[in-house]
>>> print(open('model-v7.txt').read())   # compact mmCIF, C-alpha atoms
# COMPACT_ATOMS: atom_id res chain seq x y z
CA MET H 783 -33.58 153.68 90.95
CA SER H 784 -31.05 154.86 93.53
CA PRO H 785 -28.27 157.00 92.01
CA VAL H 786 -25.71 154.82 93.84
CA ILE H 787 -27.14 151.61 92.37
CA LEU H 788 -27.41 153.21 88.93
CA SER H 789 -23.78 154.32 89.14
CA GLN H 790 -22.65 150.81 90.08
CA LEU H 791 -24.63 149.27 87.22
CA GLN H 792 -23.15 151.74 84.75
CA ARG H 793 -19.66 150.83 85.96
CA THR H 794 -20.34 147.10 85.75
CA PHE H 795 -21.82 147.30 82.22
CA ARG H 796 -20.06 150.39 80.82
CA ALA H 797 -18.82 148.59 77.68
CA LEU H 798 -22.46 148.23 76.58
CA ALA H 799 -22.50 151.98 75.95
CA TYR H 800 -20.63 151.23 72.70
CA PRO H 801 -23.07 150.19 69.92
CA GLY H 802 -20.51 147.98 68.19
CA PHE H 803 -19.86 146.05 71.39
CA ARG H 804 -23.60 145.45 71.87
CA ILE H 805 -23.89 143.93 68.39
CA TYR H 806 -20.78 141.82 68.90
CA ALA H 807 -21.94 140.67 72.35
CA ALA H 808 -25.27 139.47 70.93
CA GLY H 809 -23.47 137.32 68.38
CA GLN H 810 -21.08 135.97 71.01
CA LEU H 811 -23.99 135.02 73.27
CA LEU H 812 -25.34 132.75 70.55
CA GLY H 813 -21.92 131.37 69.64
CA THR H 814 -20.95 130.52 73.22
CA LEU H 815 -24.35 128.96 73.90
CA GLY H 816 -23.72 126.67 70.93
CA PHE H 817 -20.24 125.86 72.26
CA TRP H 818 -21.54 124.70 75.63
CA LEU H 819 -24.43 122.77 74.13
CA GLN H 820 -21.93 121.00 71.90
CA THR H 821 -19.36 120.44 74.66
CA THR H 822 -21.95 118.74 76.88
CA ALA H 823 -23.39 116.64 74.05
CA ILE H 824 -19.98 115.54 72.76
CA SER H 825 -18.74 114.60 76.24
CA TRP H 826 -21.82 112.44 76.79
CA LEU H 827 -21.57 110.95 73.30
CA VAL H 828 -17.93 109.94 73.88
CA LEU H 829 -18.79 108.27 77.18
CA GLU H 830 -21.59 106.34 75.45
CA LEU H 831 -19.35 105.24 72.56
CA SER H 832 -16.36 104.33 74.75
CA GLY H 833 -18.06 102.65 77.69
CA ASN H 834 -17.32 105.44 80.20
CA SER H 835 -13.65 105.74 79.27
CA GLY H 836 -11.88 108.68 80.89
CA THR H 837 -8.99 108.16 78.49
CA ALA H 838 -11.27 108.53 75.46
CA LEU H 839 -12.76 111.70 76.91
CA GLY H 840 -9.30 113.04 77.60
CA TRP H 841 -8.23 112.40 74.01
CA THR H 842 -11.34 114.17 72.76
CA LEU H 843 -10.36 117.32 74.66
CA ALA H 844 -6.74 116.91 73.58
CA LEU H 845 -7.69 116.80 69.90
CA GLN H 846 -10.06 119.75 70.26
CA PHE H 847 -7.38 121.95 71.83
CA GLY H 848 -4.35 120.33 70.17
CA PRO H 849 -4.45 122.69 67.16
CA PHE H 850 -3.54 125.54 69.52
CA LEU H 851 -0.20 123.81 70.05
CA LEU H 852 0.32 123.23 66.33
CA PHE H 853 -1.03 126.42 64.76
CA GLY H 854 -1.69 128.83 67.65
CA LEU H 855 0.86 131.47 66.69
CA GLN H 856 -0.28 131.45 63.08
CA GLY H 857 -3.79 132.24 64.32
CA GLY H 858 -2.45 135.30 66.12
CA LYS H 859 -0.60 136.44 63.02
CA ILE H 860 -3.84 136.25 61.03
CA ALA H 861 -5.62 138.30 63.73
CA ASP H 862 -2.96 141.03 63.48
CA SER H 863 -2.88 141.01 59.66
CA PHE H 864 -6.53 141.12 58.58
CA ASP H 865 -9.81 142.78 59.46
CA LYS H 866 -10.99 140.81 62.49
CA ARG H 867 -14.64 141.12 61.45
CA ARG H 868 -13.99 139.14 58.27
CA VAL H 869 -11.85 136.60 60.13
CA LEU H 870 -14.56 136.01 62.72
CA LEU H 871 -17.29 135.77 60.09
CA LEU H 872 -15.43 133.04 58.21
CA CYS H 873 -14.64 131.20 61.44
CA SER H 874 -18.31 131.22 62.43
CA LEU H 875 -19.25 129.65 59.11
CA GLY H 876 -16.44 127.11 59.52
CA SER H 877 -17.62 126.04 62.99
CA ALA H 878 -21.19 125.63 61.74
CA THR H 879 -20.00 123.48 58.82
CA VAL H 880 -17.90 121.15 60.99
CA THR H 881 -20.71 120.72 63.51
CA ALA H 882 -23.26 120.04 60.77
CA GLY H 883 -21.06 117.29 59.37
CA LEU H 884 -20.71 115.69 62.79
CA ALA H 885 -24.48 115.92 63.34
CA ALA H 886 -25.12 114.13 60.06
CA VAL H 887 -23.13 111.01 61.02
CA VAL H 888 -24.66 110.95 64.49
CA LEU H 889 -28.26 111.17 63.22
CA THR H 890 -27.72 108.53 60.53
CA GLY H 891 -26.34 106.10 63.11
CA HIS H 892 -22.92 105.78 61.49
CA ILE H 893 -21.00 107.57 64.24
CA GLU H 894 -17.82 105.99 65.57
CA LEU H 895 -15.37 107.27 68.13
CA TRP H 896 -12.70 108.13 65.56
CA MET H 897 -15.21 110.35 63.75
CA VAL H 898 -15.72 112.37 66.93
CA TYR H 899 -11.94 112.72 67.21
CA VAL H 900 -11.69 114.02 63.64
CA GLY H 901 -14.61 116.40 64.14
CA MET H 902 -13.16 117.86 67.34
CA PHE H 903 -9.76 118.35 65.72
CA ALA H 904 -11.40 120.19 62.81
CA PHE H 905 -13.46 122.31 65.22
CA GLY H 906 -10.31 123.13 67.19
CA SER H 907 -8.50 124.11 64.00
CA VAL H 908 -11.14 126.77 63.36
CA SER H 909 -10.93 127.92 66.98
CA VAL H 910 -7.18 128.51 66.60
CA ILE H 911 -7.95 131.37 64.22
CA GLU H 912 -11.15 132.52 65.90
CA GLY H 913 -9.79 132.73 69.47
CA PRO H 914 -7.05 135.37 69.10
CA ALA H 915 -9.21 137.45 66.74
CA ARG H 916 -12.14 137.35 69.15
CA GLN H 917 -10.03 138.35 72.14
CA ALA H 918 -8.06 141.06 70.34
CA PHE H 919 -11.23 142.53 68.77
CA TYR H 920 -12.48 143.86 72.13
CA SER H 921 -9.84 146.61 72.00
CA GLU H 922 -11.25 147.85 68.67
CA LEU H 923 -14.84 147.97 69.90
CA VAL H 924 -14.23 150.09 73.03
CA ASP H 925 -11.72 152.62 74.37
CA ARG H 926 -8.85 151.53 76.62
CA GLU H 927 -10.60 152.58 79.84
CA ALA H 928 -13.50 150.26 79.05
CA LEU H 929 -11.33 147.36 77.83
CA PRO H 930 -11.26 145.41 81.14
CA ASN H 931 -15.03 145.73 81.31
CA ALA H 932 -15.44 144.53 77.73
CA VAL H 933 -13.22 141.51 78.46
CA GLY H 934 -15.13 140.85 81.69
CA LEU H 935 -18.53 141.12 79.99
CA GLY H 936 -17.28 138.81 77.25
CA SER H 937 -16.45 136.31 79.97
CA ALA H 938 -19.85 136.93 81.58
CA ILE H 939 -21.53 136.11 78.26
CA PHE H 940 -19.45 132.95 78.03
CA ASN H 941 -20.49 131.94 81.54
CA MET H 942 -24.15 132.81 81.05
CA SER H 943 -23.98 130.30 78.24
CA ARG H 944 -22.09 127.92 80.52
CA ILE H 945 -25.05 128.13 82.92
CA ALA H 946 -27.76 127.67 80.33
CA GLY H 947 -25.93 125.41 77.88
CA PRO H 948 -25.16 122.30 79.97
CA ALA H 949 -28.54 122.34 81.71
CA LEU H 950 -30.35 122.76 78.38
CA ALA H 951 -28.17 120.14 76.71
CA GLY H 952 -28.80 117.63 79.51
CA LEU H 953 -32.55 118.20 79.21
CA LEU H 954 -32.52 117.91 75.39
CA ILE H 955 -30.39 114.75 75.50
CA ALA H 956 -32.83 113.20 78.01
CA LEU H 957 -35.85 114.17 75.86
CA THR H 958 -34.37 113.60 72.39
CA SER H 959 -30.79 112.56 71.58
CA THR H 960 -27.23 113.84 71.37
CA GLY H 961 -27.62 114.11 67.60
CA THR H 962 -30.50 116.56 67.96
CA VAL H 963 -28.44 118.78 70.26
CA ILE H 964 -25.54 118.82 67.79
CA VAL H 965 -27.90 119.84 64.95
CA VAL H 966 -29.15 122.74 67.07
CA CYS H 967 -25.54 123.78 67.66
CA ALA H 968 -24.82 123.93 63.92
CA PHE H 969 -27.55 126.55 63.46
CA ILE H 970 -26.64 128.54 66.58
CA PHE H 971 -23.02 128.87 65.43
CA LEU H 972 -24.25 131.16 62.66
CA GLY H 973 -25.05 133.89 65.23
CA PRO H 974 -21.52 135.42 65.33
CA ALA H 975 -21.44 135.44 61.51
CA LEU H 976 -24.59 137.54 61.42
CA ALA H 977 -23.18 139.98 64.02
CA CYS H 978 -19.93 140.39 62.07
CA THR H 979 -21.89 141.01 58.86
CA VAL H 980 -23.62 143.93 60.58
CA LEU H 981 -20.33 145.23 62.04
CA LEU H 982 -18.70 145.28 58.59
CA ARG H 983 -21.14 148.08 57.71
CA ARG H 984 -20.14 150.15 60.76
CA SER H 985 -17.02 152.05 61.80
CA LEU H 986 -15.07 150.83 64.85
CA SER H 987 -14.56 152.88 68.02
CA ASN H 988 -10.84 152.21 68.29
CA PRO H 989 -9.50 150.60 65.09
CA VAL H 990 -5.98 149.18 65.24
CA ARG H 991 -3.47 150.65 62.82
CA ARG H 992 -1.53 147.69 61.46
CA ASN H 993 2.19 148.37 61.66
CA ALA H 994 4.39 146.52 59.19
CA ALA H 995 7.39 147.24 61.44
CA SER H 996 5.93 145.00 64.16
CA GLY H 997 7.08 142.03 62.07
CA GLY H 998 5.89 138.45 62.32
CA ILE H 999 5.80 135.59 64.80
CA ARG H 1000 9.49 135.72 65.73
CA ASP H 1001 9.22 139.42 66.54
CA ALA H 1002 6.26 138.70 68.83
CA LEU H 1003 8.22 135.95 70.58
CA ARG H 1004 11.17 138.30 71.14
CA TYR H 1005 8.80 140.97 72.41
CA THR H 1006 7.26 138.49 74.88
CA ALA H 1007 10.64 137.11 75.99
CA ALA H 1008 11.61 140.61 77.13
CA ARG H 1009 8.51 140.86 79.34
CA PRO H 1010 8.85 138.95 82.66
CA ASP H 1011 5.31 139.98 83.64
CA ILE H 1012 3.87 138.25 80.55
CA ILE H 1013 6.10 135.20 81.05
CA ALA H 1014 4.71 134.79 84.59
CA VAL H 1015 1.18 134.72 83.16
CA LEU H 1016 2.19 132.10 80.60
CA ILE H 1017 3.83 129.80 83.16
CA GLY H 1018 0.86 130.03 85.52
CA SER H 1019 -1.63 129.40 82.71
CA LEU H 1020 0.31 126.40 81.43
CA LEU H 1021 -0.01 124.48 84.70
CA VAL H 1022 -3.23 125.82 86.22
CA SER H 1023 -5.18 125.55 82.98
CA GLY H 1024 -3.63 122.23 81.99
CA PHE H 1025 -4.45 120.40 85.22
CA THR H 1026 -7.32 122.35 86.81
CA PHE H 1027 -9.47 123.63 83.92
CA ASN H 1028 -10.62 120.13 82.93
CA PHE H 1029 -14.12 120.27 84.42
CA ALA H 1030 -15.80 118.97 81.26
CA LEU H 1031 -13.67 115.86 81.77
CA THR H 1032 -13.60 115.54 85.56
CA LEU H 1033 -17.25 116.43 86.25
CA SER H 1034 -18.65 114.14 83.56
CA MET H 1035 -16.67 111.23 85.06
CA LEU H 1036 -17.68 112.29 88.58
CA ALA H 1037 -21.39 112.34 87.63
CA ARG H 1038 -21.33 109.06 85.75
CA THR H 1039 -19.02 106.90 87.87
CA GLU H 1040 -19.07 108.31 91.42
CA PHE H 1041 -22.61 109.67 91.71
CA GLU H 1042 -24.00 107.24 89.08
CA THR H 1043 -26.32 109.82 87.54
CA GLY H 1044 -27.32 110.82 84.02
CA ALA H 1045 -26.65 113.65 81.60
CA ASP H 1046 -29.12 115.95 83.34
CA SER H 1047 -27.17 115.76 86.61
CA TYR H 1048 -23.89 116.33 84.79
CA GLY H 1049 -25.49 119.45 83.31
CA LEU H 1050 -26.43 120.60 86.82
CA LEU H 1051 -22.83 120.23 88.00
CA LEU H 1052 -21.59 122.39 85.11
CA THR H 1053 -24.38 124.87 85.78
CA ALA H 1054 -23.37 125.22 89.44
CA LEU H 1055 -19.79 125.88 88.30
CA ALA H 1056 -21.05 128.43 85.80
CA VAL H 1057 -23.16 130.34 88.36
CA GLY H 1058 -20.01 131.14 90.28
CA ALA H 1059 -18.14 131.79 87.04
CA LEU H 1060 -20.73 134.37 85.98
CA ALA H 1061 -20.34 136.21 89.28
CA GLY H 1062 -16.56 136.11 88.83
CA SER H 1063 -16.91 137.55 85.34
CA LEU H 1064 -18.98 140.49 86.52
CA ALA H 1065 -16.65 141.14 89.46
CA SER H 1066 -13.54 141.14 87.27
CA GLY H 1067 -15.30 143.34 84.71
CA ARG H 1068 -15.49 146.18 87.25
CA ARG H 1069 -11.75 146.73 86.92
CA SER H 1070 -10.52 149.80 85.06
CA THR H 1071 -6.78 149.14 85.46
CA ARG H 1072 -4.45 146.23 84.79
CA PRO H 1073 -4.73 143.59 87.57
CA SER H 1074 -1.64 142.89 89.65
CA LEU H 1075 0.33 139.65 89.72
CA ASN H 1076 -0.79 139.09 93.33
CA THR H 1077 -4.44 139.22 92.25
CA MET H 1078 -3.80 136.56 89.64
CA LEU H 1079 -1.87 134.30 92.00
CA ALA H 1080 -4.34 134.59 94.90
CA SER H 1081 -7.31 133.68 92.71
CA ALA H 1082 -5.38 130.73 91.24
CA GLY H 1083 -4.69 129.44 94.74
CA LEU H 1084 -8.39 129.75 95.70
CA LEU H 1085 -9.28 127.85 92.53
CA GLY H 1086 -6.93 125.06 93.58
CA VAL H 1087 -8.46 124.86 97.07
CA GLY H 1088 -12.00 124.77 95.67
CA THR H 1089 -11.15 122.06 93.13
CA LEU H 1090 -9.53 119.95 95.86
CA PHE H 1091 -12.63 120.23 98.07
CA VAL H 1092 -14.97 119.30 95.20
CA GLY H 1093 -12.99 116.06 94.90
CA PHE H 1094 -13.99 115.20 98.48
CA ALA H 1095 -17.70 116.09 98.08
CA PRO H 1096 -19.79 113.10 99.31
CA THR H 1097 -22.96 113.90 97.31
CA ILE H 1098 -23.91 115.66 94.10
CA TRP H 1099 -25.58 118.44 96.11
CA SER H 1100 -22.48 119.15 98.18
CA ALA H 1101 -20.42 119.09 94.96
CA MET H 1102 -22.76 121.69 93.44
CA ALA H 1103 -22.44 123.89 96.54
CA LEU H 1104 -18.64 123.76 96.31
CA LEU H 1105 -18.56 124.28 92.54
CA ALA H 1106 -20.13 127.76 92.75
CA PRO H 1107 -17.22 129.43 94.64
CA THR H 1108 -14.78 127.32 92.63
CA GLY H 1109 -16.30 128.72 89.44
CA PHE H 1110 -15.93 132.26 90.80
CA ALA H 1111 -12.22 131.72 91.51
CA MET H 1112 -11.72 130.02 88.14
CA VAL H 1113 -12.99 132.97 86.10
CA TYR H 1114 -11.54 135.62 88.39
CA TYR H 1115 -8.13 134.03 87.84
CA ALA H 1116 -8.65 133.58 84.08
CA GLN H 1117 -9.76 137.18 83.64
CA ALA H 1118 -6.87 138.53 85.70
CA ALA H 1119 -4.46 136.61 83.46
CA ASN H 1120 -6.25 137.70 80.28
CA GLN H 1121 -6.42 141.35 81.30
CA ARG H 1122 -2.75 141.40 82.29
CA VAL H 1123 -1.93 140.34 78.74
CA GLN H 1124 -4.54 142.53 77.00
CA MET H 1125 -3.55 145.71 78.86
CA GLY H 1126 0.17 145.03 78.98
CA VAL H 1127 1.09 144.75 75.29
CA ARG H 1128 1.23 147.08 72.30
CA ALA H 1129 -1.92 147.12 70.14
CA ASP H 1130 -0.12 145.95 66.99
CA PHE H 1131 1.31 142.93 68.88
CA ARG H 1132 -1.88 142.08 70.76
CA GLY H 1133 -3.21 139.37 68.44
CA ARG H 1134 0.08 137.45 68.36
CA VAL H 1135 0.77 137.73 72.09
CA LEU H 1136 -2.82 136.70 72.84
CA SER H 1137 -2.37 133.71 70.52
CA LEU H 1138 0.70 132.74 72.53
CA TYR H 1139 -1.35 133.09 75.71
CA MET H 1140 -4.14 130.96 74.23
CA LEU H 1141 -1.59 128.43 72.96
CA VAL H 1142 -0.51 127.97 76.58
CA PHE H 1143 -3.95 128.37 78.19
CA LEU H 1144 -5.87 126.09 75.82
CA GLY H 1145 -3.06 124.11 74.23
CA SER H 1146 -2.02 122.82 77.65
CA THR H 1147 -5.31 120.91 77.70
CA ALA H 1148 -4.09 118.91 74.71
CA VAL H 1149 -1.02 117.87 76.71
CA PHE H 1150 -2.48 117.34 80.16
CA ALA H 1151 -6.12 116.26 79.55
CA PRO H 1152 -5.08 112.73 78.43
CA ILE H 1153 -2.86 112.49 81.54
CA VAL H 1154 -5.77 113.51 83.77
CA GLY H 1155 -8.03 111.05 81.91
CA VAL H 1156 -5.65 108.13 82.44
CA PHE H 1157 -5.14 109.21 86.06
CA MET H 1158 -8.90 109.06 86.67
CA GLU H 1159 -9.25 105.73 84.91
CA VAL H 1160 -6.64 104.23 87.24
CA TYR H 1161 -7.44 106.03 90.51
CA GLY H 1162 -11.04 107.21 90.02
CA ALA H 1163 -12.81 110.42 89.06
CA ARG H 1164 -12.11 112.13 92.39
CA ALA H 1165 -8.36 111.71 91.87
CA GLY H 1166 -8.51 113.93 88.78
CA LEU H 1167 -9.98 116.76 90.88
CA TRP H 1168 -7.42 116.21 93.64
CA LEU H 1169 -4.60 116.39 91.10
CA GLY H 1170 -5.98 119.63 89.65
CA GLY H 1171 -6.41 121.12 93.10
CA ILE H 1172 -2.86 120.33 94.20
CA VAL H 1173 -1.37 121.82 91.02
CA GLY H 1174 -3.67 124.86 91.36
CA ILE H 1175 -2.30 125.49 94.87
CA ALA H 1176 1.36 124.70 94.19
CA THR H 1177 1.73 126.78 91.00
CA PRO H 1178 0.89 130.24 92.42
CA LEU H 1179 2.98 129.47 95.51
CA ALA H 1180 5.98 128.68 93.30
CA LEU H 1181 5.45 131.85 91.22
CA ALA H 1182 5.11 133.97 94.36
CA LEU H 1183 8.39 132.59 95.69
CA ALA H 1184 10.06 133.25 92.32
CA LYS H 1185 8.75 136.83 92.36
CA ARG H 1186 10.06 137.31 95.89
CA ALA H 1187 13.48 136.02 94.89
CA GLN H 1188 13.49 138.37 91.87
CA LEU H 1189 12.73 141.35 94.10
CA LYS H 1190 15.55 140.38 96.45
CA ARG H 1191 17.97 140.20 93.52
CA ARG H 1192 16.85 143.64 92.32
CA ALA H 1193 17.28 145.07 95.81
CA ALA H 1194 20.76 143.57 96.03
CA ALA H 1195 21.68 144.99 92.63
CA LEU H 1196 20.73 148.49 93.82
CA GLU H 1197 23.03 148.35 96.84
CA PRO H 1198 26.21 150.50 96.66
CA GLY H 1199 29.00 148.67 94.88
CA ALA H 1200 26.70 146.09 93.31
CA VAL H 1201 27.47 145.03 89.74
CA GLY H 1202 24.55 144.96 87.32
CA PRO H 1203 23.75 142.00 85.07
CA VAL H 1204 26.03 141.36 82.17
CA GLY H 1205 25.97 139.09 79.19
CA PRO H 1206 23.13 138.04 76.91
CA ASN H 1207 20.54 138.08 79.72
CA ALA H 1208 21.29 141.66 80.77
CA ARG H 1209 18.52 143.14 78.65
CA LEU H 1210 15.88 140.76 80.02
CA ALA H 1211 16.95 141.29 83.63
CA SER H 1212 16.80 145.05 83.25
CA VAL H 1213 13.29 145.21 81.82
CA PRO H 1214 10.88 146.39 84.53
CA GLU H 1215 7.59 144.63 85.05
CA THR H 1216 4.71 146.80 83.90
CA ALA H 1217 2.09 147.73 86.51
CA GLY H 1218 2.83 145.10 89.13
>>> encode(input="model-v7.txt", output="structure tokens")
Amino acid sequence: MSPVILSQLQRTFRALAYPGFRIYAAGQLLGTLGFWLQTTAISWLVLELSGNSGTALGWTLALQFGPFLLFGLQGGKIADSFDKRRVLLLCSLGSATVTAGLAAVVLTGHIELWMVYVGMFAFGSVSVIEGPARQAFYSELVDREALPNAVGLGSAIFNMSRIAGPALAGLLIALTSTGTVIVVCAFIFLGPALACTVLLRRSLSNPVRRNAASGGIRDALRYTAARPDIIAVLIGSLLVSGFTFNFALTLSMLARTEFETGADSYGLLLTALAVGALAGSLASGRRSTRPSLNTMLASAGLLGVGTLFVGFAPTIWSAMALLAPTGFAMVYYAQAANQRVQMGVRADFRGRVLSLYMLVFLGSTAVFAPIVGVFMEVYGARAGLWLGGIVGIATPLALALAKRAQLKRRAAALEPGAVGPVGPNARLASVPETAG
């Protein structure tokens, strides 16, 4: 193999040089495959039970991600307070138990829509604890230089599963039933538990020293409030994620009502999105430094443009062609936001700040998914994509203008004779943004 190619491959996959990361990645591959199998099966099940109701599908997503709004910060506190391997092991067992219970009522024919709602809320309640621990654990498995790559490869694993999961789920649903797919998911969710069991017997590459002085949730909120660079990520994620990252909702409605196709075609739409997302994951994983705000905003704007165009796609094949670059922009944006948080905070605050980020990134779905669902039910499936695209374009433009205004104020404050900020906001205004 060419030395140049070998060097590029080593850079793209450098986190795999750490044995602990390899074990963890194997478990995450199984866990994320189960997630996408379940997501596809549940979406199709809800449409069957509700008579193609976009509102019902929106409420399903809202209840799955709603716990992030209710308990998100507590999940981050748990991640900062306990051994993340034990936390993740218990969460894996919890996810498998919830999914097994849901599979039982589906297979026995007693399933009703409210049972799906309860099951998704319970699954989301486990994810509240699992999410911050999973994200913060990357920094303990690798050194700081390899952290962006570890985060990027974690996203690549997620998107490999996003490629295989929906397509496999659509095929299994067509050949068997949604209940069968959910049973398979219950067993697959045990994969991360097995990986964490192995990791408990090994030492970590970069273990976090828990600092009692870092305090609790209020201390993390004060720490974040004094960081304008982190606040910009949170505002962008609130709107872009809330209105644009609803593809499980918008694409299922698009496949069923606009293209009038089955679960297998819906799986193909998600797979096309995931092909681009995988490429975006690998591209973002090549970073070795903290991404700039401009990188995050530009990729968010491209995501908005792609989503808008998908809403105008006349056929399923043209939609698939447009979903690939849209998926690239989606993950490139998400990873830029994630890496700005991961590499911009103190290690002993990372779990709590990441939980705040996930509260905004995922919890926004609980707020906006029902709105998007109702919007599609009134104006059609394409309107949900148009709405997401417009918000995806407008949000980074607004943040860029706000950043420009902030720079002008700073420049004015440095002019001779200028008076610096006073009052309670003086401390916040004087805090420099870290690394762009």
>>> closest_residue(input="model-v7.txt", among="H:Pro849, H:Leu1167, H:Leu875, H:Thr822", to="Leu954 of chain H", atoms="only C-alpha atoms")
H:Thr822
>>> residues_around(input="model-v7.txt", residues="Asn988 of chain H", least_positions_apart="4", cutoff="10 Å", atoms="only C-alpha atoms", output="count of residues only")
8
>>> residues_around(input="model-v7.txt", residues="Val1092 of chain H", least_positions_apart="6", cutoff="7 Å", atoms="only C-alpha atoms", output="ChimeraX atom specification")
/H:1101,1104-1105
>>> atom_distance(input="model-v7.txt", atom1="atom CA of Leu972 of chain H", atom2="atom CA of Gly813 of chain H")
7.4 Å
>>> atom_distance(input="model-v7.txt", atom1="atom CA of Leu1179 of chain H", atom2="atom CA of Arg1191 of chain H")
18.5 Å
>>> atom_distance(input="model-v7.txt", atom1="atom CA of Leu855 of chain H", atom2="atom CA of Arg868 of chain H")
18.7 Å
>>> closest_residue(input="model-v7.txt", among="H:Cys978, H:Ala1054, H:Leu1138, H:Ala1082", to="Leu1016 of chain H", atoms="all atoms listed in the file")
H:Leu1138
>>> closest_residue(input="model-v7.txt", among="H:Ala1014, H:Ala956, H:Leu1020, H:Val900", to="Gly1145 of chain H", atoms="all atoms listed in the file")
H:Leu1020
>>> closest_residue(input="model-v7.txt", among="H:Arg1192, H:Arg1009, H:Arg916, H:Arg1186", to="Ala932 of chain H", atoms="all atoms listed in the file")
H:Arg916
>>> residues_around(input="model-v7.txt", residues="Phe940 of chain H", least_positions_apart="5", cutoff="10 Å", atoms="only C-alpha atoms", output="PyMOL selection string")
chain H and resi 807+810-815+817-818+934-935+945+947+1056+1059-1060+1063
>>> closest_residue(input="model-v7.txt", among="H:Val898, H:Ala1129, H:Val1142, H:Leu1051", to="Thr1108 of chain H", atoms="all atoms listed in the file")
H:Leu1051
>>> closest_residue(input="model-v7.txt", among="H:Phe803, H:Tyr1115, H:Trp896, H:Phe1025", to="Thr1077 of chain H", atoms="only C-alpha atoms")
H:Tyr1115
>>> residues_around(input="model-v7.txt", residues="segment 800-802 of chain H", least_positions_apart="6", cutoff="9 Å", atoms="all atoms listed in the file", output="list in words")
Leu923, Val924, Leu981, Arg984, Ser985, Leu986 and Ser987 of chain H
>>> build_atoms(input="model-v7.txt", residues="segment 805-816 of chain H", atoms="N, CA, C and O atoms", output="JSON list (two decimals), in the coordinates of the input")
[["chain", "number", "residue", "atom", "x", "y", "z"],
["H", 805, "ILE", "N", -23.64, 144.83, 69.51],
["H", 805, "ILE", "CA", -23.89, 143.93, 68.39],
["H", 805, "ILE", "C", -23.00, 142.69, 68.50],
["H", 805, "ILE", "O", -23.45, 141.55, 68.35],
["H", 806, "TYR", "N", -21.74, 142.92, 68.79],
["H", 806, "TYR", "CA", -20.78, 141.82, 68.90],
["H", 806, "TYR", "C", -21.16, 140.89, 70.05],
["H", 806, "TYR", "O", -21.09, 139.66, 69.92],
["H", 807, "ALA", "N", -21.57, 141.47, 71.19],
["H", 807, "ALA", "CA", -21.94, 140.67, 72.35],
["H", 807, "ALA", "C", -23.14, 139.78, 72.06],
["H", 807, "ALA", "O", -23.20, 138.63, 72.50],
["H", 808, "ALA", "N", -24.10, 140.29, 71.28],
["H", 808, "ALA", "CA", -25.27, 139.47, 70.93],
["H", 808, "ALA", "C", -24.86, 138.25, 70.12],
["H", 808, "ALA", "O", -25.34, 137.13, 70.36],
["H", 809, "GLY", "N", -23.96, 138.45, 69.17],
["H", 809, "GLY", "CA", -23.47, 137.32, 68.38],
["H", 809, "GLY", "C", -22.69, 136.34, 69.22],
["H", 809, "GLY", "O", -22.83, 135.11, 69.07],
["H", 810, "GLN", "N", -21.86, 136.84, 70.15],
["H", 810, "GLN", "CA", -21.08, 135.97, 71.01],
["H", 810, "GLN", "C", -21.96, 135.17, 71.96],
["H", 810, "GLN", "O", -21.64, 134.03, 72.31],
["H", 811, "LEU", "N", -23.07, 135.75, 72.39],
["H", 811, "LEU", "CA", -23.99, 135.02, 73.27],
["H", 811, "LEU", "C", -24.51, 133.77, 72.58],
["H", 811, "LEU", "O", -24.56, 132.69, 73.17],
["H", 812, "LEU", "N", -24.88, 133.91, 71.30],
["H", 812, "LEU", "CA", -25.34, 132.75, 70.55],
["H", 812, "LEU", "C", -24.21, 131.75, 70.32],
["H", 812, "LEU", "O", -24.38, 130.54, 70.49],
["H", 813, "GLY", "N", -23.04, 132.26, 69.93],
["H", 813, "GLY", "CA", -21.92, 131.37, 69.64],
["H", 813, "GLY", "C", -21.48, 130.57, 70.85],
["H", 813, "GLY", "O", -21.20, 129.37, 70.75],
["H", 814, "THR", "N", -21.39, 131.23, 72.02],
["H", 814, "THR", "CA", -20.95, 130.52, 73.22],
["H", 814, "THR", "C", -22.02, 129.56, 73.73],
["H", 814, "THR", "O", -21.69, 128.51, 74.30],
["H", 815, "LEU", "N", -23.30, 129.90, 73.54],
["H", 815, "LEU", "CA", -24.35, 128.96, 73.90],
["H", 815, "LEU", "C", -24.21, 127.68, 73.08],
["H", 815, "LEU", "O", -24.31, 126.56, 73.61],
["H", 816, "GLY", "N", -23.94, 127.84, 71.78],
["H", 816, "GLY", "CA", -23.72, 126.67, 70.93],
["H", 816, "GLY", "C", -22.51, 125.87, 71.38],
["H", 816, "GLY", "O", -22.53, 124.63, 71.37]]
